[in-house]
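Engineer: Structure file query_5.cif (mmCIF, C-alpha atoms) is given on the next line.
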```cif
data_my_file
#
loop_
_atom_site.label_atom_id
_atom_site.label_comp_id
_atom_site.auth_asym_id
_atom_site.auth_seq_id
_atom_site.Cartn_x
_atom_site.Cartn_y
_atom_site.Cartn_z
CA MET A 1 22.35 -14.01 -12.46
CA VAL A 2 21.71 -10.45 -13.58
CA ASN A 3 20.45 -9.99 -17.13
CA TYR A 4 22.88 -7.35 -18.35
CA MET A 5 20.69 -6.57 -21.36
CA ALA A 6 18.45 -4.71 -18.92
CA ARG A 7 21.18 -3.21 -16.74
CA PHE A 8 22.19 0.31 -17.68
CA ILE A 9 25.40 1.86 -16.37
CA GLN A 10 25.05 5.59 -15.76
CA ALA A 11 27.53 8.41 -15.47
CA GLU A 12 27.73 10.24 -12.17
CA ALA A 13 24.88 12.69 -12.72
CA THR A 14 25.47 16.43 -12.43
CA LYS A 15 21.89 17.69 -12.18
CA GLY A 16 18.26 16.79 -11.71
CA SER A 17 16.57 13.88 -10.00
CA GLN A 18 19.23 11.42 -11.17
CA LYS A 19 21.92 13.43 -9.38
CA TRP A 20 19.94 13.57 -6.16
CA ILE A 21 18.88 9.94 -6.09
CA GLN A 22 22.49 8.90 -6.61
CA LYS A 23 23.56 11.08 -3.69
CA LEU A 24 20.69 9.83 -1.54
CA VAL A 25 21.35 6.13 -2.08
CA ASN A 26 25.14 6.40 -1.85
CA GLY A 27 25.49 8.77 1.06
CA LYS A 28 22.22 9.42 2.86
CA GLN A 29 20.57 6.03 3.07
CA GLN A 30 19.56 6.60 6.69
CA LEU A 31 17.53 9.65 5.69
CA LEU A 32 15.64 7.66 3.08
CA ASP A 33 15.20 4.68 5.39
CA SER A 34 13.77 6.84 8.17
CA LEU A 35 11.17 8.31 5.81
CA ILE A 36 10.18 4.85 4.62
CA GLU A 37 9.85 3.79 8.25
CA SER A 38 7.63 6.81 8.94
CA ASN A 39 5.21 5.47 6.32
CA ASN A 40 5.04 2.19 8.29
CA PHE A 41 6.43 0.23 5.35
CA VAL A 42 9.31 -1.14 7.43
CA SER A 43 10.23 -1.40 11.09
CA GLU A 44 13.37 0.20 12.51
CA ASN A 45 14.92 -3.26 12.89
CA ASP A 46 14.24 -4.31 9.29
CA HIS A 47 17.39 -3.07 7.57
CA ILE A 48 17.09 -1.98 3.93
CA GLN A 49 19.90 -2.83 1.54
CA TRP A 50 19.97 -0.46 -1.40
CA LEU A 51 20.79 -2.36 -4.57
CA SER A 52 20.85 0.50 -7.08
CA PRO A 53 22.05 2.97 -8.19
CA LEU A 54 25.33 2.12 -6.46
CA LYS A 55 28.59 3.91 -7.22
CA GLU A 56 30.49 0.62 -7.15
CA ASP A 57 28.03 -0.78 -9.71
CA GLY A 58 28.52 2.12 -12.13
CA TYR A 59 25.36 3.80 -10.83
CA ALA A 60 23.53 1.16 -12.87
CA GLU A 61 19.76 1.26 -13.23
CA TYR A 62 17.67 -1.87 -13.84
CA ARG A 63 14.52 -2.91 -15.63
CA ASP A 64 12.58 -6.03 -16.63
CA GLU A 65 14.08 -9.41 -15.64
CA ALA A 66 17.31 -7.74 -14.49
CA CYS A 67 15.30 -5.98 -11.81
CA LEU A 68 13.71 -9.26 -10.67
CA ASN A 69 17.09 -10.98 -10.69
CA LEU A 70 18.62 -8.21 -8.60
CA PHE A 71 15.84 -8.70 -6.06
CA GLY A 72 16.31 -12.47 -6.23
CA VAL A 73 12.64 -13.18 -6.94
CA ASN A 74 10.60 -15.16 -9.46
CA LEU A 75 7.09 -14.35 -10.63
CA LYS A 76 5.47 -17.78 -10.51
CA ALA A 77 1.78 -16.92 -10.56
CA TYR A 78 1.70 -14.03 -13.06
CA SER A 79 4.70 -13.64 -15.36
CA LEU A 80 6.28 -10.37 -16.37
CA GLY A 81 6.38 -11.43 -20.02
CA ASP A 82 2.63 -12.01 -20.14
CA PHE A 83 2.00 -8.70 -18.38
CA TRP A 84 4.32 -6.27 -20.18
CA PRO A 85 6.57 -6.16 -23.27
CA LYS A 86 10.33 -5.71 -23.01
CA ASN A 87 11.73 -2.31 -22.08
CA GLY A 88 9.43 -1.70 -19.15
CA PRO A 89 10.12 0.83 -16.38
CA GLN A 90 13.77 1.59 -15.68
CA TRP A 91 13.85 2.12 -11.93
CA ASP A 92 15.70 5.07 -10.40
CA ALA A 93 16.51 3.04 -7.28
CA LEU A 94 15.86 -0.43 -5.89
CA GLY A 95 16.08 -1.69 -2.33
CA LYS A 96 15.30 -4.85 -0.38
CA SER A 97 14.82 -5.21 3.35
CA ALA A 98 16.11 -8.03 5.52
CA SER A 99 12.56 -9.38 5.79
CA GLY A 100 12.21 -9.47 2.00
CA LYS A 101 10.27 -6.28 1.35
CA LEU A 102 10.95 -4.81 -2.09
CA PHE A 103 11.22 -1.06 -2.68
CA LEU A 104 10.97 0.39 -6.19
CA VAL A 105 11.72 4.09 -6.54
CA GLU A 106 10.73 6.77 -9.03
CA ALA A 107 12.47 10.10 -8.38
CA LYS A 108 11.43 13.58 -9.49
CA SER A 109 12.97 17.02 -9.04
CA HIS A 110 10.60 19.21 -11.07
CA ILE A 111 6.91 19.02 -11.96
CA PRO A 112 7.23 18.57 -15.78
CA GLU A 113 8.85 15.19 -15.04
CA LEU A 114 5.39 13.95 -14.10
CA ILE A 115 4.25 14.14 -17.71
CA SER A 116 4.75 11.29 -20.18
CA ASN A 117 2.87 9.32 -22.85
CA LEU A 118 2.94 5.74 -24.03
CA LYS A 119 5.39 5.21 -26.92
CA ALA A 120 5.58 1.49 -27.64
CA SER A 121 7.67 0.01 -30.44
CA ASN A 122 4.80 -1.82 -32.15
CA GLN A 123 1.06 -2.44 -31.99
CA ALA A 124 1.41 -5.77 -30.20
CA SER A 125 3.34 -4.09 -27.39
CA THR A 126 0.81 -1.26 -27.24
CA ASP A 127 -2.07 -3.73 -26.98
CA LYS A 128 -0.39 -5.69 -24.19
CA ILE A 129 0.30 -2.51 -22.19
CA LEU A 130 -3.22 -1.18 -22.64
CA GLY A 131 -4.68 -4.52 -21.57
CA SER A 132 -2.58 -4.61 -18.40
CA LEU A 133 -3.34 -0.98 -17.56
CA LYS A 134 -7.05 -1.78 -17.89
CA GLN A 135 -6.68 -4.61 -15.37
CA VAL A 136 -4.75 -2.44 -12.92
CA ARG A 137 -7.17 0.47 -13.08
CA GLU A 138 -10.02 -1.94 -12.36
CA ARG A 139 -8.20 -3.34 -9.32
CA PHE A 140 -7.69 0.16 -7.99
CA GLY A 141 -11.33 1.02 -8.57
CA SER A 142 -10.68 3.85 -11.02
CA LYS A 143 -13.96 5.10 -12.51
CA THR A 144 -12.52 7.90 -14.62
CA ASP A 145 -12.52 7.96 -18.42
CA PHE A 146 -9.03 9.48 -18.33
CA ASP A 147 -6.60 7.62 -20.59
CA TRP A 148 -3.92 5.98 -18.42
CA SER A 149 -1.59 5.78 -21.43
CA ARG A 150 -1.54 9.56 -21.80
CA THR A 151 -0.12 12.48 -19.81
CA PHE A 152 0.57 10.57 -16.57
CA TYR A 153 1.52 7.28 -18.18
CA GLN A 154 4.74 6.89 -16.20
CA TYR A 155 2.89 7.03 -12.89
CA ALA A 156 0.44 4.44 -14.22
CA ASN A 157 3.08 2.00 -15.45
CA ARG A 158 5.08 2.21 -12.23
CA LEU A 159 1.93 1.48 -10.26
CA ALA A 160 1.13 -1.41 -12.60
CA HIS A 161 4.50 -3.11 -12.06
CA VAL A 162 4.37 -2.90 -8.29
CA ASP A 163 0.84 -4.25 -8.44
CA LEU A 164 2.13 -7.20 -10.50
CA LEU A 165 4.71 -8.01 -7.83
CA ARG A 166 2.04 -7.88 -5.13
CA LYS A 167 -0.24 -10.15 -7.18
CA ASN A 168 2.61 -12.64 -7.06
CA GLY A 169 2.54 -12.56 -3.27
CA LEU A 170 5.58 -10.30 -2.88
CA SER A 171 5.73 -7.43 -0.37
CA ALA A 172 6.46 -4.71 -2.91
CA TYR A 173 6.26 -0.96 -2.34
CA LEU A 174 6.34 1.95 -4.76
CA LEU A 175 8.17 5.03 -3.51
CA PHE A 176 7.86 8.35 -5.28
CA VAL A 177 10.78 10.47 -4.07
CA TYR A 178 10.09 14.14 -4.72
CA PHE A 179 13.07 16.46 -4.30
CA VAL A 180 12.45 19.96 -2.97
CA ASN A 181 14.53 23.08 -3.71
CA ASP A 182 16.28 21.87 -6.84
CA ARG A 183 16.76 25.43 -8.02
CA GLU A 184 18.82 24.46 -11.06
CA MET A 185 15.79 22.58 -12.40
CA ASN A 186 13.31 25.22 -11.18
CA GLY A 187 11.74 22.59 -8.96
CA PRO A 188 9.17 23.08 -6.19
CA LYS A 189 10.37 24.97 -3.16
CA THR A 190 7.99 23.20 -0.77
CA SER A 191 6.40 19.79 -0.40
CA ASP A 192 3.00 21.48 -0.68
CA GLU A 193 3.79 22.45 -4.27
CA TRP A 194 4.47 18.81 -5.02
CA LYS A 195 1.34 17.68 -3.19
CA GLY A 196 -0.83 19.89 -5.38
CA ALA A 197 0.62 18.30 -8.52
CA ILE A 198 0.31 14.80 -7.07
CA GLN A 199 -3.32 15.40 -6.20
CA LEU A 200 -3.95 16.32 -9.83
CA VAL A 201 -2.32 13.07 -10.98
CA HIS A 202 -4.43 11.02 -8.58
CA CYS A 203 -7.59 12.85 -9.62
CA CYS A 204 -6.99 12.34 -13.33
CA LEU A 205 -6.15 8.65 -12.91
CA GLY A 206 -9.11 8.14 -10.58
CA LEU A 207 -6.94 6.92 -7.72
CA ARG A 208 -8.12 7.09 -4.13
CA GLU A 209 -5.39 7.62 -1.57
CA ARG A 210 -6.87 5.12 0.89
CA LEU A 211 -6.33 2.38 -1.71
CA LEU A 212 -2.73 3.49 -2.34
CA LYS A 213 -1.50 3.95 1.22
CA ASN A 214 -0.62 0.29 1.82
CA SER A 215 1.70 0.08 -1.19
CA VAL A 216 2.56 3.60 -2.40
CA ALA A 217 4.30 6.42 -0.55
CA ASP A 218 5.21 9.98 -1.46
CA ILE A 219 8.52 10.98 0.09
CA PHE A 220 9.78 14.56 0.11
CA ILE A 221 13.46 15.35 0.49
CA ASP A 222 15.11 18.77 0.50
CA VAL A 223 18.22 18.69 -1.66
CA ARG A 224 19.94 20.96 0.85
CA ASP A 225 20.04 17.94 3.15
CA LEU A 226 22.08 16.02 0.60
#
```
Written as structure tokens, how would this file's structure read?

Structural biologist:
Amino acid sequence: MVNYMARFIQAEATKGSQKWIQKLVNGKQQLLDSLIESNNFVSENDHIQWLSPLKEDGYAEYRDEACLNLFGVNLKAYSLGDFWPKNGPQWDALGKSASGKLFLVEAKSHIPELISNLKASNQASTDKILGSLKQVRERFGSKTDFDWSRTFYQYANRLAHVDLLRKNGLSAYLLFVYFVNDREMNGPKTSDEWKGAIQLVHCCLGLRERLLKNSVADIFIDVRDL
């Protein structure tokens, strides 16, 4: 059963990454699937069912237990509640393949969307988040002194949640979908512009691409194809 406390109905978006991810999931799934396949995350015979944001579901976005319920999974070894307080990442899109692979999507259409800072509701929540981020950065071998709760916090918390799913033995993948040529948002005109910004994020967080490639993919989509 879906926990509707963590299910958020959205209007049909008129601009930005939300607009493009809605169009992608509801009309161009094959384009997205082919790019996921090119990253060797799924075979051509392993069909992906996109679970959100679906037009018939009010373009709803999911977080926390509602996300796990939508996937139909339980975290038996390491619980979500012990790992993160309520109001965790609200995913731009969610998909599940026939073989049980889970795809969690964060979409961007302009570079300032990469920037965010931790804003927890209380000190207990802050402490829990900081403790989990410390564990994740250690597992990814980050040696930097850069504060994962600052500047690129959203990237860090998305990575942390996919890592939690994988710790529970689930085949989970984090997809960053970067839209190109969103002129209304003054977004990058080429994938190379995005790649420069992404490299900065990885450098600051102390992430090595060889340790990300089995679970994280950067996908570039020109909005003119949507």

Engineer: Taking all atoms listed in the file into account, name the residue in A:Ile198, A:Ile48, A:Val25, A:Ile219 that is nearest to Gly95 of chain A.

Structural biologist: A:Ile48

Engineer: What does the distance from atom CA of His47 of chain A to atom CA of Leu31 of chain A come to in Å, to one decimal?

Structural biologist: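 Taking atom CA of His47 of chain A as the start and atom CA of Leu31 of chain A as the end point, the length is 12.9 Å.
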
Engineer: Padding 3 Å on each side, edges along x, y and z: where is the centre of the box around the listed atoms of segment 63-66 of chain A, and how long are its edges in Å to one decimal? Output it as lines of an AutoDock Vina configuration file.

Structural biologist:
```
center_x = 14.9
center_y = -6.2
center_z = -15.6
size_x = 10.7
size_y = 12.5
size_z = 8.1
```

Engineer: Could you tell me how far atom CA of Ala217 of chain A lies from atom CA of Leu175 of chain A, in Å and to one decimal?

Structural biologist: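 Atom CA of Leu175 of chain A lies at a distance of 5.1 Å from atom CA of Ala217 of chain A.
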
Engineer: Which is closest to Ser116 of chain A among A:Arg224, A:Lys128, A:Arg150, A:Arg137, if we use only C-alpha atoms?

Structural biologist: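 Of the candidates, the smallest distance to Ser116 of chain A is held by A:Arg150.
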
Engineer: Run the PyMOL selection byres ((chain A and resi 140) around 10) mentally over the shown coordinates, then write out the matched residues as a PyMOL selection string, using the chain letters and numbers from the document.

Structural biologist: chain A and resi 135-139+141-143+159+163+205-208+211-212

Engineer: For Lys96 of chain A, which residue out of A:Asp192, A:Asp64, A:Asp33, A:Asp222 is the nearest one, using only C-alpha atoms?

Structural biologist: A:Asp33

Engineer: Convert the output of the PyMOL selection byres ((chain A and resi 66) around 12) on the shown file into explicit residues, formatted as a PDB file with C-alpha atoms, keeping the file's coordinate frame.

Structural biologist:
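And here is the file that came out, selection28.pdb:
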```pdb
ATOM      1  CA  MET A   1      22.350 -14.010 -12.460  1.00  0.00           C
ATOM      2  CA  VAL A   2      21.710 -10.450 -13.580  1.00  0.00           C
ATOM      3  CA  ASN A   3      20.450  -9.990 -17.130  1.00  0.00           C
ATOM      4  CA  TYR A   4      22.880  -7.350 -18.350  1.00  0.00           C
ATOM      5  CA  MET A   5      20.690  -6.570 -21.360  1.00  0.00           C
ATOM      6  CA  ALA A   6      18.450  -4.710 -18.920  1.00  0.00           C
ATOM      7  CA  ARG A   7      21.180  -3.210 -16.740  1.00  0.00           C
ATOM      8  CA  PHE A   8      22.190   0.310 -17.680  1.00  0.00           C
ATOM      9  CA  LEU A  51      20.790  -2.360  -4.570  1.00  0.00           C
ATOM     10  CA  SER A  52      20.850   0.500  -7.080  1.00  0.00           C
ATOM     11  CA  ALA A  60      23.530   1.160 -12.870  1.00  0.00           C
ATOM     12  CA  GLU A  61      19.760   1.260 -13.230  1.00  0.00           C
ATOM     13  CA  TYR A  62      17.670  -1.870 -13.840  1.00  0.00           C
ATOM     14  CA  ARG A  63      14.520  -2.910 -15.630  1.00  0.00           C
ATOM     15  CA  ASP A  64      12.580  -6.030 -16.630  1.00  0.00           C
ATOM     16  CA  GLU A  65      14.080  -9.410 -15.640  1.00  0.00           C
ATOM     17  CA  CYS A  67      15.300  -5.980 -11.810  1.00  0.00           C
ATOM     18  CA  LEU A  68      13.710  -9.260 -10.670  1.00  0.00           C
ATOM     19  CA  ASN A  69      17.090 -10.980 -10.690  1.00  0.00           C
ATOM     20  CA  LEU A  70      18.620  -8.210  -8.600  1.00  0.00           C
ATOM     21  CA  PHE A  71      15.840  -8.700  -6.060  1.00  0.00           C
ATOM     22  CA  GLY A  72      16.310 -12.470  -6.230  1.00  0.00           C
ATOM     23  CA  VAL A  73      12.640 -13.180  -6.940  1.00  0.00           C
ATOM     24  CA  ASN A  74      10.600 -15.160  -9.460  1.00  0.00           C
ATOM     25  CA  LEU A  80       6.280 -10.370 -16.370  1.00  0.00           C
ATOM     26  CA  LYS A  86      10.330  -5.710 -23.010  1.00  0.00           C
ATOM     27  CA  ASN A  87      11.730  -2.310 -22.080  1.00  0.00           C
ATOM     28  CA  GLY A  88       9.430  -1.700 -19.150  1.00  0.00           C
ATOM     29  CA  PRO A  89      10.120   0.830 -16.380  1.00  0.00           C
ATOM     30  CA  GLN A  90      13.770   1.590 -15.680  1.00  0.00           C
ATOM     31  CA  TRP A  91      13.850   2.120 -11.930  1.00  0.00           C
ATOM     32  CA  LEU A  94      15.860  -0.430  -5.890  1.00  0.00           C
TER      33      LEU A  94
END
```

Engineer: Which residues would end up in the selection if the PyMOL selection byres ((chain A and resi 120) around 12) were applied here, given that I need the answer as a PyMOL selection string?

Structural biologist: chain A and resi 84-88+117-119+121-130+149+153

Engineer: For the structure just given, write the atoms of segment 14-148 of chain A, namely C-alpha atoms, as a PDB file, in the first residue's frame.

Structural biologist:
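This is the output file result31.pdb:
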```pdb
ATOM      1  CA  THR A  14       5.220  24.285 -17.856  1.00  0.00           C
ATOM      2  CA  LYS A  15       8.978  24.806 -17.577  1.00  0.00           C
ATOM      3  CA  GLY A  16      12.252  23.479 -16.258  1.00  0.00           C
ATOM      4  CA  SER A  17      13.417  19.994 -15.406  1.00  0.00           C
ATOM      5  CA  GLN A  18      10.014  19.006 -14.021  1.00  0.00           C
ATOM      6  CA  LYS A  19       8.389  19.744 -17.385  1.00  0.00           C
ATOM      7  CA  TRP A  20      10.961  17.722 -19.288  1.00  0.00           C
ATOM      8  CA  ILE A  21      11.002  14.716 -16.978  1.00  0.00           C
ATOM      9  CA  GLN A  22       7.213  14.541 -17.188  1.00  0.00           C
ATOM     10  CA  LYS A  23       7.400  14.588 -20.981  1.00  0.00           C
ATOM     11  CA  LEU A  24      10.211  12.035 -21.001  1.00  0.00           C
ATOM     12  CA  VAL A  25       8.485   9.498 -18.760  1.00  0.00           C
ATOM     13  CA  ASN A  26       5.043   9.917 -20.316  1.00  0.00           C
ATOM     14  CA  GLY A  27       5.950  10.052 -23.981  1.00  0.00           C
ATOM     15  CA  LYS A  28       9.579   9.178 -24.654  1.00  0.00           C
ATOM     16  CA  GLN A  29      10.268   6.223 -22.403  1.00  0.00           C
ATOM     17  CA  GLN A  30      12.111   4.383 -25.163  1.00  0.00           C
ATOM     18  CA  LEU A  31      14.632   7.210 -25.418  1.00  0.00           C
ATOM     19  CA  LEU A  32      15.340   7.058 -21.700  1.00  0.00           C
ATOM     20  CA  ASP A  33      15.434   3.256 -21.683  1.00  0.00           C
ATOM     21  CA  SER A  34      17.939   3.153 -24.539  1.00  0.00           C
ATOM     22  CA  LEU A  35      20.283   5.509 -22.699  1.00  0.00           C
ATOM     23  CA  ILE A  36      20.044   3.405 -19.548  1.00  0.00           C
ATOM     24  CA  GLU A  37      20.826   0.337 -21.639  1.00  0.00           C
ATOM     25  CA  SER A  38      23.862   2.096 -23.115  1.00  0.00           C
ATOM     26  CA  ASN A  39      25.240   2.410 -19.577  1.00  0.00           C
ATOM     27  CA  ASN A  40      24.928  -1.387 -19.213  1.00  0.00           C
ATOM     28  CA  PHE A  41      22.487  -1.019 -16.334  1.00  0.00           C
ATOM     29  CA  VAL A  42      19.837  -3.106 -18.106  1.00  0.00           C
ATOM     30  CA  SER A  43      19.666  -5.451 -21.078  1.00  0.00           C
ATOM     31  CA  GLU A  44      17.436  -4.764 -24.076  1.00  0.00           C
ATOM     32  CA  ASN A  45      15.133  -7.583 -22.954  1.00  0.00           C
ATOM     33  CA  ASP A  46      14.746  -6.291 -19.396  1.00  0.00           C
ATOM     34  CA  HIS A  47      11.750  -3.981 -19.782  1.00  0.00           C
ATOM     35  CA  ILE A  48      11.571  -0.936 -17.499  1.00  0.00           C
ATOM     36  CA  GLN A  49       8.201   0.099 -16.118  1.00  0.00           C
ATOM     37  CA  TRP A  50       8.168   3.760 -15.194  1.00  0.00           C
ATOM     38  CA  LEU A  51       6.227   4.262 -11.979  1.00  0.00           C
ATOM     39  CA  SER A  52       6.418   8.046 -11.651  1.00  0.00           C
ATOM     40  CA  PRO A  53       5.717  10.785 -12.555  1.00  0.00           C
ATOM     41  CA  LEU A  54       2.761   9.357 -14.481  1.00  0.00           C
ATOM     42  CA  LYS A  55       0.018  11.530 -15.950  1.00  0.00           C
ATOM     43  CA  GLU A  56      -2.640   9.060 -14.814  1.00  0.00           C
ATOM     44  CA  ASP A  57      -1.234   9.290 -11.270  1.00  0.00           C
ATOM     45  CA  GLY A  58      -1.421  13.087 -11.173  1.00  0.00           C
ATOM     46  CA  TYR A  59       2.278  13.339 -12.072  1.00  0.00           C
ATOM     47  CA  ALA A  60       2.865  12.326  -8.448  1.00  0.00           C
ATOM     48  CA  GLU A  61       6.372  12.280  -6.995  1.00  0.00           C
ATOM     49  CA  TYR A  62       7.370   9.996  -4.125  1.00  0.00           C
ATOM     50  CA  ARG A  63       9.690   9.977  -1.146  1.00  0.00           C
ATOM     51  CA  ASP A  64      10.469   7.941   1.976  1.00  0.00           C
ATOM     52  CA  GLU A  65       8.358   4.811   2.598  1.00  0.00           C
ATOM     53  CA  ALA A  66       6.006   5.722  -0.256  1.00  0.00           C
ATOM     54  CA  CYS A  67       8.920   5.300  -2.632  1.00  0.00           C
ATOM     55  CA  LEU A  68       9.779   1.877  -1.174  1.00  0.00           C
ATOM     56  CA  ASN A  69       6.127   0.835  -1.315  1.00  0.00           C
ATOM     57  CA  LEU A  70       5.863   1.892  -4.950  1.00  0.00           C
ATOM     58  CA  PHE A  71       8.878  -0.286  -5.712  1.00  0.00           C
ATOM     59  CA  GLY A  72       7.393  -3.119  -3.656  1.00  0.00           C
ATOM     60  CA  VAL A  73      10.510  -3.576  -1.520  1.00  0.00           C
ATOM     61  CA  ASN A  74      11.375  -3.792   2.172  1.00  0.00           C
ATOM     62  CA  LEU A  75      14.648  -2.769   3.760  1.00  0.00           C
ATOM     63  CA  LYS A  76      15.284  -5.690   6.096  1.00  0.00           C
ATOM     64  CA  ALA A  77      18.978  -5.316   6.867  1.00  0.00           C
ATOM     65  CA  TYR A  78      19.306  -1.526   7.212  1.00  0.00           C
ATOM     66  CA  SER A  79      16.109   0.443   7.781  1.00  0.00           C
ATOM     67  CA  LEU A  80      15.284   3.783   6.230  1.00  0.00           C
ATOM     68  CA  GLY A  81      14.156   5.172   9.589  1.00  0.00           C
ATOM     69  CA  ASP A  82      17.506   4.449  11.221  1.00  0.00           C
ATOM     70  CA  PHE A  83      19.345   5.942   8.248  1.00  0.00           C
ATOM     71  CA  TRP A  84      17.435   9.152   7.527  1.00  0.00           C
ATOM     72  CA  PRO A  85      14.711  11.325   9.102  1.00  0.00           C
ATOM     73  CA  LYS A  86      11.351  11.863   7.435  1.00  0.00           C
ATOM     74  CA  ASN A  87      11.131  14.109   4.384  1.00  0.00           C
ATOM     75  CA  GLY A  88      14.065  12.608   2.549  1.00  0.00           C
ATOM     76  CA  PRO A  89      14.674  12.977  -1.203  1.00  0.00           C
ATOM     77  CA  GLN A  90      11.582  13.493  -3.348  1.00  0.00           C
ATOM     78  CA  TRP A  91      12.427  11.638  -6.549  1.00  0.00           C
ATOM     79  CA  ASP A  92      11.799  13.200  -9.951  1.00  0.00           C
ATOM     80  CA  ALA A  93      11.134   9.775 -11.486  1.00  0.00           C
ATOM     81  CA  LEU A  94      11.113   6.135 -10.425  1.00  0.00           C
ATOM     82  CA  GLY A  95      11.297   2.997 -12.529  1.00  0.00           C
ATOM     83  CA  LYS A  96      11.588  -0.748 -12.020  1.00  0.00           C
ATOM     84  CA  SER A  97      12.722  -3.339 -14.527  1.00  0.00           C
ATOM     85  CA  ALA A  98      11.200  -6.765 -15.055  1.00  0.00           C
ATOM     86  CA  SER A  99      14.238  -8.320 -13.359  1.00  0.00           C
ATOM     87  CA  GLY A 100      13.755  -6.119 -10.292  1.00  0.00           C
ATOM     88  CA  LYS A 101      16.301  -3.384 -10.914  1.00  0.00           C
ATOM     89  CA  LEU A 102      15.344  -0.075  -9.317  1.00  0.00           C
ATOM     90  CA  PHE A 103      15.971   3.271 -11.018  1.00  0.00           C
ATOM     91  CA  LEU A 104      15.869   6.523  -9.056  1.00  0.00           C
ATOM     92  CA  VAL A 105      16.077   9.725 -11.078  1.00  0.00           C
ATOM     93  CA  GLU A 106      17.209  13.256 -10.321  1.00  0.00           C
ATOM     94  CA  ALA A 107      16.598  15.654 -13.225  1.00  0.00           C
ATOM     95  CA  LYS A 108      18.283  18.981 -13.953  1.00  0.00           C
ATOM     96  CA  SER A 109      17.849  21.562 -16.708  1.00  0.00           C
ATOM     97  CA  HIS A 110      20.244  24.311 -15.585  1.00  0.00           C
ATOM     98  CA  ILE A 111      23.473  24.363 -13.594  1.00  0.00           C
ATOM     99  CA  PRO A 112      22.261  26.357 -10.524  1.00  0.00           C
ATOM    100  CA  GLU A 113      19.985  23.383  -9.749  1.00  0.00           C
ATOM    101  CA  LEU A 114      23.111  21.521  -8.658  1.00  0.00           C
ATOM    102  CA  ILE A 115      23.481  23.765  -5.617  1.00  0.00           C
ATOM    103  CA  SER A 116      21.734  23.055  -2.312  1.00  0.00           C
ATOM    104  CA  ASN A 117      22.425  22.953   1.431  1.00  0.00           C
ATOM    105  CA  LEU A 118      21.150  20.849   4.298  1.00  0.00           C
ATOM    106  CA  LYS A 119      18.110  22.406   6.005  1.00  0.00           C
ATOM    107  CA  ALA A 120      16.786  19.927   8.558  1.00  0.00           C
ATOM    108  CA  SER A 121      13.839  20.648  10.837  1.00  0.00           C
ATOM    109  CA  ASN A 122      15.700  19.985  14.096  1.00  0.00           C
ATOM    110  CA  GLN A 123      19.082  19.056  15.531  1.00  0.00           C
ATOM    111  CA  ALA A 124      18.230  15.373  15.884  1.00  0.00           C
ATOM    112  CA  SER A 125      17.449  15.169  12.166  1.00  0.00           C
ATOM    113  CA  THR A 126      20.619  17.079  11.320  1.00  0.00           C
ATOM    114  CA  ASP A 127      22.726  14.715  13.425  1.00  0.00           C
ATOM    115  CA  LYS A 128      21.193  11.621  11.816  1.00  0.00           C
ATOM    116  CA  ILE A 129      21.807  12.981   8.306  1.00  0.00           C
ATOM    117  CA  LEU A 130      25.389  13.985   9.066  1.00  0.00           C
ATOM    118  CA  GLY A 131      26.089  10.564  10.565  1.00  0.00           C
ATOM    119  CA  SER A 132      24.747   8.768   7.499  1.00  0.00           C
ATOM    120  CA  LEU A 133      26.604  11.049   5.099  1.00  0.00           C
ATOM    121  CA  LYS A 134      29.811  10.280   7.001  1.00  0.00           C
ATOM    122  CA  GLN A 135      29.235   6.550   6.509  1.00  0.00           C
ATOM    123  CA  VAL A 136      28.508   6.952   2.805  1.00  0.00           C
ATOM    124  CA  ARG A 137      31.525   9.123   2.104  1.00  0.00           C
ATOM    125  CA  GLU A 138      33.711   6.525   3.815  1.00  0.00           C
ATOM    126  CA  ARG A 139      32.261   3.734   1.666  1.00  0.00           C
ATOM    127  CA  PHE A 140      32.992   5.742  -1.462  1.00  0.00           C
ATOM    128  CA  GLY A 141      36.529   6.443  -0.299  1.00  0.00           C
ATOM    129  CA  SER A 142      36.165  10.223  -0.197  1.00  0.00           C
ATOM    130  CA  LYS A 143      39.272  11.821   1.328  1.00  0.00           C
ATOM    131  CA  THR A 144      38.229  15.437   0.926  1.00  0.00           C
ATOM    132  CA  ASP A 145      37.462  17.794   3.807  1.00  0.00           C
ATOM    133  CA  PHE A 146      34.602  19.259   1.763  1.00  0.00           C
ATOM    134  CA  ASP A 147      31.349  19.379   3.736  1.00  0.00           C
ATOM    135  CA  TRP A 148      28.840  17.007   2.100  1.00  0.00           C
TER     136      TRP A 148
END
```
